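> One structure follows; several queries about it will come next.
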2 protein chains.
Amino acid sequence: MDSDERYHMTADEFRRVGRSVIDWIADYYENIEGYPVMSQVKPGDIRAELPPLPPQQGESFDQVLEDVERIILPGVTHWQSPNFFAYFPANTSGPSILGELLSAGLGVQGMLWQTSPACTELETHVLDWLVEMMDLPEKYKSTSSGGGVIQDSASSASLCALLAGRERATAYASNEEGIHERLTAYASTQAHSSIEKAVKIAGIGSSNLRLIETDETYAMRPEALARQMFEDRQNGYTPCFVCATLGTTSSNGIDPLERIGPICRAEGVWLHVDAAMAGTAAICPEFRHLLRGLDYADSYCFNPHKWMFTNFDCDCFYVAERKALIDTLSILPEYLRNKSSETGQVIDYRDWQIPLGRRFRALKLWFVIRHYGIDGLQYHIREHVRLAQEFAGWIEQHPDFEIAAPAPLNLVCFRHKNGDIFNRELLDRLNQSGELYLTHTTLDGEFTLRLSVGQTHTEHRHVERAWTQIQQTAKVLENSE
Amino acid sequence: MDSDERYHMTADEFRRVGRSVIDWIADYYENIEGYPVMSQVKPGDIRAELPPLPPQQGESFDQVLEDVERIILPGVTHWQSPNFFAYFPANTSGPSILGELLSAGLGVQGMLWQTSPACTELETHVLDWLVEMMDLPEKYKSTSSGGGVIQDSASSASLCALLAGRERATAYASNEEGIHERLTAYASTQAHSSIEKAVKIAGIGSSNLRLIETDETYAMRPEALARQMFEDRQNGYTPCFVCATLGTTSSNGIDPLERIGPICRAEGVWLHVDAAMAGTAAICPEFRHLLRGLDYADSYCFNPHKWMFTNFDCDCFYVAERKALIDTLSILPEYLRNKSSETGQVIDYRDWQIPLGRRFRALKLWFVIRHYGIDGLQYHIREHVRLAQEFAGWIEQHPDFEIAAPAPLNLVCFRHKNGDIFNRELLDRLNQSGELYLTHTTLDGEFTLRLSVGQTHTEHRHVERAWTQIQQTAKVLENSE
């Protein structure tokens, strides 16, 4: 018998159930405030609802969608809820969801220019657009010495940057010979955990990551960085990488690039700038002062999948010299050779990232930028910052609460004055209420609550209600003590 | 003024344009055979159509969709065409596309159990299902010592496996102290290029990757592996990792696990098995003999995003001892601490992969398995193998063509007897015709064409027409010589 279309979903069925999924998502966003923000299930609850064995015969898609509603939804923490103030945002939007859908439908591979030229060229083009939109250094453009690429996450971007720094510091010998030098890397005590993960992966070792102390704004102290590098050189180490952060995860601390940059340049050390969340603010001219000194950076990344209405995954990673990155990550087996690559006229993004394969992620970013325009993006970023600043004002004026760190943008770190145990209990009660979701950090050893404003549909009323609930819950707790 | 819904896509607009995208995709699949399989554009053609500057004001989504059709589509190489026989398949299907859509709509983060319990539990559950469906070693189940996780690609899975091997060989010291030992890794000359990339990334160095010779079936010679390891130990090296391949990229060579396994076990070296494409065949009992000896493997991966009708990215990565992987990749900053993780009762997949963030990729895999059932998956895998075998038979019977390697499954390596220049020209002409798309490799130094059968809608008539075109084009070429 011939191969045939048996078992496959027909085009008509795809149209019908595809509409159901579209409608389901639209309904979901319309009803999202009715769900507890943080899932209330206990470990094992979801698995207990799933059949132990996979189905022998295929099932109807309508049944699958029913199970999404019945089994999966209770186990979802609603990141897209306007009452989600936890971690950093991972916001999305209609045009982005449809970009992801179209990317899935086309199902192309973008590992080489040749494997789908539009996948590569749209990505290059949109990343050049973002340089314009955010007034980033000209050298990050593909038309200059550098260029941009979409990574899955800032973790992966940092790893790529670290590897390029490692290779530059070892005259591109580590890749071939393995690590022989005693290499060191640098980041502030507030830098993201992915930097520690990267130095482990790269074979440098976490004990050779120097965590530089920060000042009272939780920003790296440049003089401490310079001193540590000097000492390390004295002791026979080779510094290879500095990660400066614009907008640390704990408190949105801003490392001073204008002072860190010259130190790295003098030392010939790769400077990577991680602006995963805060970087999106550069869409507004009034926040660009936070990026001052970015000209010094060999590489830079920010995540449209955090605060720019674009589905995870979408990290924009820029390098000042693309050759350094490509020389670090390039491999060329025979089965990937092709005429286009050999001309040298095309970008093969395979050589700009850890994995080989890649999706058509530029589509969703293109859709978002075209749907909102610069005006729309600026409008919402400004609103989020304004809401966070208003919340910070309320905290400041309340006798029982205090601000725990400067709030330059959309993240407010705060605590009740009754100490760690009280704040921990306050957080638990708020999250268990299902009405909102906050997370915590520690700053100077003190348990600190974080309110991050960045979900697509968060409005004034949501922040206001969060503040009311924080006060009320604290009052109940005070009275029960 | 309050934050508001200005600029955002409304629910009604999302319903309307969402349907357009669904219909667009359905139309695309209905018309896909009308497009040239390999995009015919030249470098820069796509960018030339895009405006140099991003839009200040938002644009209508209908306009965006028009531009997809007008600008993007000519630059797309149609991986989902039934006439796509290049590289390895990256097939997709209706249920998978809708799973990706739903994942984008929910927009959750799965880095911790806590950040969306269903995202973690469904993933664990479906990966346990696959162990059942494919009769994989019981130890890969989450209910045993191991477990499965979805990675973006086999490249990343191999890197994670290599890192775990590196740590085990250095008593978990490399992560902290950096690499001091002279480590070696092993794979056959036919292993995927990602292994070379991984040893570079991990700081081991490509010169310490031993490429072991293969036999006449392009399978690793176990005795050569044993000899090389012995020599390396004699010379003061510490072997830390062996990658065996089931279904090499060039020719679907099958490394003999039953003989490689005992060598690795005797040496205490981490054995990773990369079955990225071929692994899906294990859904059919009659192909499971290819996996014989998998019990020896510390880790294993295969890609539903290649041959199991599931959108890229979806690599299933299994480890026999999850502790070894977690001890290698775990990091725990304060801002990610939470009660659920501290109970030890939950899986935090952040510690099973390179990046921190992760999408809800289990949805699409769950949708695929439920839509097709085991029966449907088996049916189509068998059909693809049958079609490839039939094609191999035609090649064998033709006086001017020859088979270049054993074809155990769905990949046929072949060449015309007129030599490299002829075959290269034959490939170019076939691809430029737009009627089908093949790629090449070299085997024993000879230019070799590859026909890989694995796209969702490839039927007998497509393979038959490909063969007709190959013969006709060869005939034209012969006559023009």
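By order of appearance in the structure tokens: chains A, B, ..., then residues from 1 within every chain, and ligands from 1 in the order shown.
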Identify, on the basis of only C-alpha atoms, every residue whose closest approach to region 457-462 of chain B does not exceed 9 Å; exclude the query and any residue fewer than 6 positions from it along the same chain; express the result as a PyMOL selection string.
(chain A and resi 2-5+8) or (chain B and resi 80-84+91+383-384+387+436)
> Just asking: which residues within region 137-345 of chain A are strand (DSSP E or B) according to DSSP, as a PDB file with N, CA and C atoms, in the first residue's frame?

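Heads up, here's the output in result.pdb:
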ATOM      1  N   GLY A 147      27.433  42.732  14.663  1.00  0.00           N
ATOM      2  CA  GLY A 147      26.152  42.198  14.239  1.00  0.00           C
ATOM      3  C   GLY A 147      25.375  41.622  15.394  1.00  0.00           C
ATOM      4  N   GLY A 148      24.092  41.388  15.127  1.00  0.00           N
ATOM      5  CA  GLY A 148      23.212  40.849  16.148  1.00  0.00           C
ATOM      6  C   GLY A 148      22.676  39.496  15.758  1.00  0.00           C
ATOM      7  N   VAL A 149      22.286  38.740  16.768  1.00  0.00           N
ATOM      8  CA  VAL A 149      21.742  37.398  16.564  1.00  0.00           C
ATOM      9  C   VAL A 149      20.754  37.134  17.686  1.00  0.00           C
ATOM     10  N   ILE A 150      19.724  36.347  17.398  1.00  0.00           N
ATOM     11  CA  ILE A 150      18.776  35.975  18.443  1.00  0.00           C
ATOM     12  C   ILE A 150      19.245  34.695  19.121  1.00  0.00           C
ATOM     13  N   GLN A 151      19.413  34.773  20.440  1.00  0.00           N
ATOM     14  CA  GLN A 151      19.735  33.601  21.251  1.00  0.00           C
ATOM     15  C   GLN A 151      18.487  33.186  22.012  1.00  0.00           C
ATOM     16  N   LEU A 183      42.768  31.070  33.978  1.00  0.00           N
ATOM     17  CA  LEU A 183      41.920  32.173  33.527  1.00  0.00           C
ATOM     18  C   LEU A 183      41.024  32.670  34.659  1.00  0.00           C
ATOM     19  N   THR A 184      40.709  33.958  34.611  1.00  0.00           N
ATOM     20  CA  THR A 184      39.758  34.510  35.576  1.00  0.00           C
ATOM     21  C   THR A 184      38.674  35.301  34.843  1.00  0.00           C
ATOM     22  N   ALA A 185      37.493  35.314  35.454  1.00  0.00           N
ATOM     23  CA  ALA A 185      36.369  36.096  34.940  1.00  0.00           C
ATOM     24  C   ALA A 185      35.819  36.941  36.082  1.00  0.00           C
ATOM     25  N   TYR A 186      35.073  37.975  35.713  1.00  0.00           N
ATOM     26  CA  TYR A 186      34.659  38.983  36.694  1.00  0.00           C
ATOM     27  C   TYR A 186      33.210  39.392  36.487  1.00  0.00           C
ATOM     28  N   ALA A 187      32.508  39.519  37.587  1.00  0.00           N
ATOM     29  CA  ALA A 187      31.150  40.062  37.557  1.00  0.00           C
ATOM     30  C   ALA A 187      30.879  40.553  38.978  1.00  0.00           C
ATOM     31  N   SER A 188      29.844  41.329  39.153  1.00  0.00           N
ATOM     32  CA  SER A 188      29.572  41.811  40.506  1.00  0.00           C
ATOM     33  C   SER A 188      28.889  40.715  41.315  1.00  0.00           C
ATOM     34  N   LEU A 209      35.909  32.751  39.142  1.00  0.00           N
ATOM     35  CA  LEU A 209      34.992  33.871  38.895  1.00  0.00           C
ATOM     36  C   LEU A 209      35.099  34.791  40.101  1.00  0.00           C
ATOM     37  N   ARG A 210      35.555  36.000  39.862  1.00  0.00           N
ATOM     38  CA  ARG A 210      35.705  36.958  40.956  1.00  0.00           C
ATOM     39  C   ARG A 210      34.429  37.772  41.060  1.00  0.00           C
ATOM     40  N   LEU A 211      33.787  37.657  42.199  1.00  0.00           N
ATOM     41  CA  LEU A 211      32.558  38.431  42.395  1.00  0.00           C
ATOM     42  C   LEU A 211      32.932  39.746  43.062  1.00  0.00           C
ATOM     43  N   ILE A 212      32.807  40.804  42.312  1.00  0.00           N
ATOM     44  CA  ILE A 212      33.283  42.122  42.747  1.00  0.00           C
ATOM     45  C   ILE A 212      32.230  42.800  43.614  1.00  0.00           C
ATOM     46  N   THR A 214      29.850  45.534  45.506  1.00  0.00           N
ATOM     47  CA  THR A 214      29.018  46.587  44.937  1.00  0.00           C
ATOM     48  C   THR A 214      28.886  47.736  45.930  1.00  0.00           C
ATOM     49  N   MET A 220      28.435  47.553  40.603  1.00  0.00           N
ATOM     50  CA  MET A 220      29.823  47.114  40.753  1.00  0.00           C
ATOM     51  C   MET A 220      30.736  48.307  41.063  1.00  0.00           C
ATOM     52  N   THR A 238      45.242  34.988  34.100  1.00  0.00           N
ATOM     53  CA  THR A 238      44.937  35.759  32.892  1.00  0.00           C
ATOM     54  C   THR A 238      43.457  36.140  32.891  1.00  0.00           C
ATOM     55  N   PRO A 239      43.135  37.386  33.177  1.00  0.00           N
ATOM     56  CA  PRO A 239      41.727  37.809  33.108  1.00  0.00           C
ATOM     57  C   PRO A 239      41.225  37.709  31.663  1.00  0.00           C
ATOM     58  N   CYS A 240      40.039  37.135  31.482  1.00  0.00           N
ATOM     59  CA  CYS A 240      39.550  36.960  30.113  1.00  0.00           C
ATOM     60  C   CYS A 240      38.152  37.514  29.864  1.00  0.00           C
ATOM     61  N   PHE A 241      37.445  37.889  30.919  1.00  0.00           N
ATOM     62  CA  PHE A 241      36.024  38.223  30.714  1.00  0.00           C
ATOM     63  C   PHE A 241      35.490  39.025  31.878  1.00  0.00           C
ATOM     64  N   VAL A 242      34.795  40.107  31.540  1.00  0.00           N
ATOM     65  CA  VAL A 242      34.058  40.869  32.557  1.00  0.00           C
ATOM     66  C   VAL A 242      32.605  40.948  32.101  1.00  0.00           C
ATOM     67  N   CYS A 243      31.709  40.621  33.013  1.00  0.00           N
ATOM     68  CA  CYS A 243      30.286  40.842  32.728  1.00  0.00           C
ATOM     69  C   CYS A 243      29.790  41.990  33.592  1.00  0.00           C
ATOM     70  N   ALA A 244      29.383  43.063  32.948  1.00  0.00           N
ATOM     71  CA  ALA A 244      28.713  44.152  33.662  1.00  0.00           C
ATOM     72  C   ALA A 244      27.214  44.001  33.445  1.00  0.00           C
ATOM     73  N   THR A 245      26.446  44.355  34.446  1.00  0.00           N
ATOM     74  CA  THR A 245      25.005  44.177  34.359  1.00  0.00           C
ATOM     75  C   THR A 245      24.295  45.525  34.374  1.00  0.00           C
ATOM     76  N   LEU A 246      23.375  45.694  33.461  1.00  0.00           N
ATOM     77  CA  LEU A 246      22.480  46.855  33.513  1.00  0.00           C
ATOM     78  C   LEU A 246      21.123  46.322  33.950  1.00  0.00           C
ATOM     79  N   ILE A 254      22.654  49.075  38.435  1.00  0.00           N
ATOM     80  CA  ILE A 254      23.214  49.454  37.140  1.00  0.00           C
ATOM     81  C   ILE A 254      24.729  49.621  37.291  1.00  0.00           C
ATOM     82  N   TRP A 270      37.645  41.065  27.434  1.00  0.00           N
ATOM     83  CA  TRP A 270      36.311  41.102  26.818  1.00  0.00           C
ATOM     84  C   TRP A 270      35.291  41.642  27.820  1.00  0.00           C
ATOM     85  N   LEU A 271      34.577  42.682  27.412  1.00  0.00           N
ATOM     86  CA  LEU A 271      33.515  43.219  28.255  1.00  0.00           C
ATOM     87  C   LEU A 271      32.159  42.857  27.657  1.00  0.00           C
ATOM     88  N   HIS A 272      31.399  42.085  28.430  1.00  0.00           N
ATOM     89  CA  HIS A 272      30.028  41.751  28.033  1.00  0.00           C
ATOM     90  C   HIS A 272      29.069  42.524  28.925  1.00  0.00           C
ATOM     91  N   VAL A 273      28.025  43.048  28.329  1.00  0.00           N
ATOM     92  CA  VAL A 273      27.029  43.795  29.102  1.00  0.00           C
ATOM     93  C   VAL A 273      25.691  43.061  29.030  1.00  0.00           C
ATOM     94  N   ASP A 274      25.207  42.672  30.194  1.00  0.00           N
ATOM     95  CA  ASP A 274      23.948  41.931  30.303  1.00  0.00           C
ATOM     96  C   ASP A 274      22.859  42.897  30.762  1.00  0.00           C
ATOM     97  N   SER A 299      30.406  42.932  23.713  1.00  0.00           N
ATOM     98  CA  SER A 299      29.129  42.281  23.428  1.00  0.00           C
ATOM     99  C   SER A 299      28.067  42.795  24.381  1.00  0.00           C
ATOM    100  N   TYR A 300      26.836  42.631  23.959  1.00  0.00           N
ATOM    101  CA  TYR A 300      25.710  43.217  24.675  1.00  0.00           C
ATOM    102  C   TYR A 300      24.492  42.338  24.442  1.00  0.00           C
ATOM    103  N   CYS A 301      23.671  42.182  25.452  1.00  0.00           N
ATOM    104  CA  CYS A 301      22.397  41.498  25.197  1.00  0.00           C
ATOM    105  C   CYS A 301      21.260  42.066  26.010  1.00  0.00           C
ATOM    106  N   PHE A 302      20.081  41.986  25.429  1.00  0.00           N
ATOM    107  CA  PHE A 302      18.841  42.256  26.166  1.00  0.00           C
ATOM    108  C   PHE A 302      17.764  41.332  25.605  1.00  0.00           C
ATOM    109  N   ASP A 315      16.314  36.460  22.917  1.00  0.00           N
ATOM    110  CA  ASP A 315      17.354  37.323  23.466  1.00  0.00           C
ATOM    111  C   ASP A 315      18.130  37.907  22.293  1.00  0.00           C
ATOM    112  N   CYS A 316      18.309  39.240  22.286  1.00  0.00           N
ATOM    113  CA  CYS A 316      19.102  39.869  21.222  1.00  0.00           C
ATOM    114  C   CYS A 316      20.526  40.052  21.703  1.00  0.00           C
ATOM    115  N   PHE A 317      21.430  39.428  21.007  1.00  0.00           N
ATOM    116  CA  PHE A 317      22.841  39.407  21.405  1.00  0.00           C
ATOM    117  C   PHE A 317      23.649  40.098  20.316  1.00  0.00           C
ATOM    118  N   TYR A 318      24.414  41.115  20.707  1.00  0.00           N
ATOM    119  CA  TYR A 318      25.214  41.881  19.754  1.00  0.00           C
ATOM    120  C   TYR A 318      26.699  41.727  20.051  1.00  0.00           C
ATOM    121  N   VAL A 319      27.483  41.670  19.005  1.00  0.00           N
ATOM    122  CA  VAL A 319      28.937  41.711  19.179  1.00  0.00           C
ATOM    123  C   VAL A 319      29.508  42.852  18.341  1.00  0.00           C
TER     124      VAL A 319
END
> Might you pull out every residue within 8 Å of Val368 (chain A), with only C-alpha atoms counted and same-chain residues fewer than 2 positions away left off, and present them as a list in words?
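Neighbouring residues, sequence-local ones excluded: Ser93, Pro95, Ser96, Phe309, Thr310, Lys364, Leu365, Trp366, Arg370, His371, Tyr372 and Gly373 of chain A.
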> Can you work out which one of B:Pro408, B:Gly146, B:Gly357, B:Gly236 has the shortest atom-to-atom distance to chain A, counting only C-alpha atoms?
B:Gly357
> Quote the spacing between CA of Asp428 (chain B) and CA of Asp351 (chain A) in Å to one decimal place.
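Here the two named atoms are 24.4 Å from each other.
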> With a distance cut-off of 12 Å and only C-alpha atoms, select the neighbouring residues of Asp400 (chain B), excluding the residue or stretch itself and same-chain residues fewer than 2 positions from it, and output the selection as a PyMOL selection string.
chain B and resi 394-398+402-403+414-419+422-423+470-471+474-475+478
> For C-alpha atoms, I'd like the residues from the last selection saved as a CSV table (one decimal), in the first residue's frame.

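Writing the result to selection_20.csv gives the following:
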chain,number,residue,atom,x,y,z
B,394,TRP,CA,15.9,1.4,-7.7
B,395,ILE,CA,19.4,2.7,-7.2
B,396,GLU,CA,20.8,-0.8,-6.9
B,397,GLN,CA,19.2,-2.0,-10.1
B,398,HIS,CA,20.3,1.0,-12.2
B,402,GLU,CA,25.4,2.9,-6.9
B,403,ILE,CA,24.6,2.8,-3.2
B,414,PHE,CA,24.1,7.1,-3.4
B,415,ARG,CA,26.1,8.4,-6.4
B,416,HIS,CA,26.3,8.3,-10.1
B,417,LYS,CA,29.2,6.3,-11.3
B,418,ASN,CA,30.6,9.3,-13.3
B,419,GLY,CA,32.6,10.7,-10.4
B,422,PHE,CA,29.4,14.9,-12.3
B,423,ASN,CA,27.6,14.2,-9.0
B,470,ILE,CA,17.4,12.2,-10.8
B,471,GLN,CA,17.6,9.8,-13.8
B,474,ALA,CA,21.7,12.6,-15.1
B,475,LYS,CA,20.8,11.7,-18.6
B,478,GLU,CA,25.6,12.7,-19.7
> Based on the backbone DSSP call, show me all residues of region 151-318 of chain A assigned helix (DSSP H, G or I), as a ChimeraX atom specification.
/A:154-169,174-177,193-201,206-208,222-234,257-267,278-283,285-291,294-296,304-307
> Quick one: everything within 9 Å of Leu477 (chain B), counting only C-alpha atoms, minus sequence neighbours fewer than 5 positions away in the same chain. Send it as a PyMOL selection string.
chain B and resi 422+425-426+472
> Let's have the selection written as a tab-separated table (two decimals), in the first residue's frame, with N, CA and C atoms.

chain	number	residue	atom	x	y	z
B	422	PHE	N	30.68	15.21	-11.74
B	422	PHE	CA	29.37	14.89	-12.30
B	422	PHE	C	28.28	14.93	-11.21
B	425	GLU	N	27.48	18.44	-10.01
B	425	GLU	CA	26.66	19.15	-10.99
B	425	GLU	C	25.23	18.60	-11.00
B	426	LEU	N	25.13	17.31	-10.85
B	426	LEU	CA	23.80	16.68	-10.78
B	426	LEU	C	23.00	17.25	-9.61
B	472	GLN	N	16.53	11.52	-15.13
B	472	GLN	CA	16.44	12.40	-16.30
B	472	GLN	C	17.55	13.45	-16.30
> Name all residues at most 12 Å from region 66-69 of chain B (count only C-alpha atoms; drop same-chain ones fewer than 4 positions away) and give them as a short mmCIF file (atom, residue, chain, number, x, y, z; two decimals) with N, CA and C atoms, in the first residue's frame.

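What ended up in part28.cif:
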data_model
loop_
_atom_site.label_atom_id
_atom_site.label_comp_id
_atom_site.auth_asym_id
_atom_site.auth_seq_id
_atom_site.Cartn_x
_atom_site.Cartn_y
_atom_site.Cartn_z
N GLY A 99 3.26 35.37 15.58
CA GLY A 99 4.58 35.18 14.95
C GLY A 99 5.14 33.81 15.28
N LEU A 102 3.19 31.29 13.21
CA LEU A 102 3.61 31.24 11.81
C LEU A 102 4.97 30.54 11.67
N SER A 103 5.85 30.82 12.62
CA SER A 103 7.16 30.18 12.62
C SER A 103 7.00 28.66 12.73
N LEU A 106 5.61 27.35 9.31
CA LEU A 106 6.61 27.27 8.24
C LEU A 106 7.62 26.16 8.52
N ALA A 118 15.43 33.76 4.18
CA ALA A 118 14.63 34.79 4.84
C ALA A 118 14.77 34.73 6.35
N CYS A 119 14.96 33.54 6.87
CA CYS A 119 15.11 33.36 8.31
C CYS A 119 16.35 34.11 8.81
N LEU A 122 15.92 38.28 7.71
CA LEU A 122 14.98 39.04 8.53
C LEU A 122 15.57 39.26 9.93
N LEU A 363 10.53 36.29 13.15
CA LEU A 363 9.16 36.62 12.74
C LEU A 363 8.40 37.31 13.85
N LYS A 364 8.45 36.73 15.06
CA LYS A 364 7.65 37.30 16.14
C LYS A 364 8.15 38.70 16.52
N TRP A 366 9.66 40.82 14.52
CA TRP A 366 9.24 41.69 13.41
C TRP A 366 7.76 42.05 13.57
N PHE A 367 6.94 41.05 13.88
CA PHE A 367 5.51 41.30 14.07
C PHE A 367 5.28 42.30 15.21
N ARG A 370 6.37 45.85 14.20
CA ARG A 370 5.46 46.44 13.21
C ARG A 370 4.08 46.72 13.82
N SER B 20 -6.89 34.24 10.42
CA SER B 20 -6.17 34.45 9.15
C SER B 20 -4.87 33.67 9.12
N VAL B 21 -4.16 33.67 10.26
CA VAL B 21 -2.87 32.96 10.27
C VAL B 21 -3.10 31.45 10.18
N TRP B 24 -3.95 30.79 6.72
CA TRP B 24 -2.75 30.96 5.89
C TRP B 24 -1.90 29.69 5.94
N ILE B 25 -1.74 29.15 7.14
CA ILE B 25 -0.92 27.94 7.29
C ILE B 25 -1.58 26.75 6.59
N ASP B 27 -3.60 26.88 4.05
CA ASP B 27 -3.40 27.11 2.61
C ASP B 27 -1.97 26.76 2.20
N TYR B 28 -1.04 27.19 3.04
CA TYR B 28 0.38 26.96 2.74
C TYR B 28 0.64 25.47 2.52
N ILE B 46 16.29 39.45 0.21
CA ILE B 46 15.20 39.66 1.18
C ILE B 46 15.37 41.01 1.86
N GLU B 49 14.15 44.13 0.21
CA GLU B 49 12.70 44.38 0.20
C GLU B 49 12.19 44.99 1.49
N LEU B 50 13.03 44.99 2.51
CA LEU B 50 12.59 45.46 3.83
C LEU B 50 12.95 46.93 4.01
N PRO B 51 12.08 47.71 4.63
CA PRO B 51 12.40 49.13 4.83
C PRO B 51 13.63 49.29 5.73
N GLU B 59 1.56 49.26 12.49
CA GLU B 59 0.96 48.96 11.19
C GLU B 59 -0.11 47.90 11.37
N SER B 60 -0.93 47.73 10.35
CA SER B 60 -2.01 46.74 10.47
C SER B 60 -1.44 45.34 10.27
N PHE B 61 -2.04 44.40 10.98
CA PHE B 61 -1.56 43.03 10.90
C PHE B 61 -1.81 42.44 9.51
N ASP B 62 -2.86 42.90 8.87
CA ASP B 62 -3.13 42.41 7.51
C ASP B 62 -1.98 42.78 6.57
N LEU B 73 8.16 34.75 1.94
CA LEU B 73 7.97 33.43 1.34
C LEU B 73 8.98 33.08 0.24
N PRO B 74 9.34 34.04 -0.63
CA PRO B 74 10.36 33.69 -1.63
C PRO B 74 11.70 33.30 -1.01
N GLY B 75 11.94 33.74 0.21
CA GLY B 75 13.21 33.43 0.88
C GLY B 75 13.14 32.21 1.78
N VAL B 76 12.03 31.50 1.70
CA VAL B 76 11.86 30.32 2.53
C VAL B 76 12.25 29.07 1.74
#
> Check the smallest atom-to-atom distance from each of A:Glu181, A:Asp255, A:Glu121, A:Glu132 to Ile374 (chain A) using only C-alpha atoms, then report the winner.
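Checking each candidate against Ile374 (chain A), we get A:Glu132 as the closest.
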> Can you pull out the residues contacting Arg292 (chain A)? Cut-off 9 Å, using only C-alpha atoms, and skip same-chain residues under 5 positions away; I want them as a PyMOL selection string.
chain A and resi 256-258
> Out of A:Leu162, A:Arg227, A:Asn235, A:His192, which residue has the shortest atom-to-atom distance to Met277 (chain A) when counting only C-alpha atoms?
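Nearest candidate to Met277 (chain A) out of A:Leu162, A:Arg227, A:Asn235, A:His192: A:His192.
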> Closest to Gln353 (chain A) among A:Asn338, A:Thr92, A:Gln109, A:Thr328, using only C-alpha atoms?
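Result for the nearest residue to Gln353 (chain A): A:Thr328.
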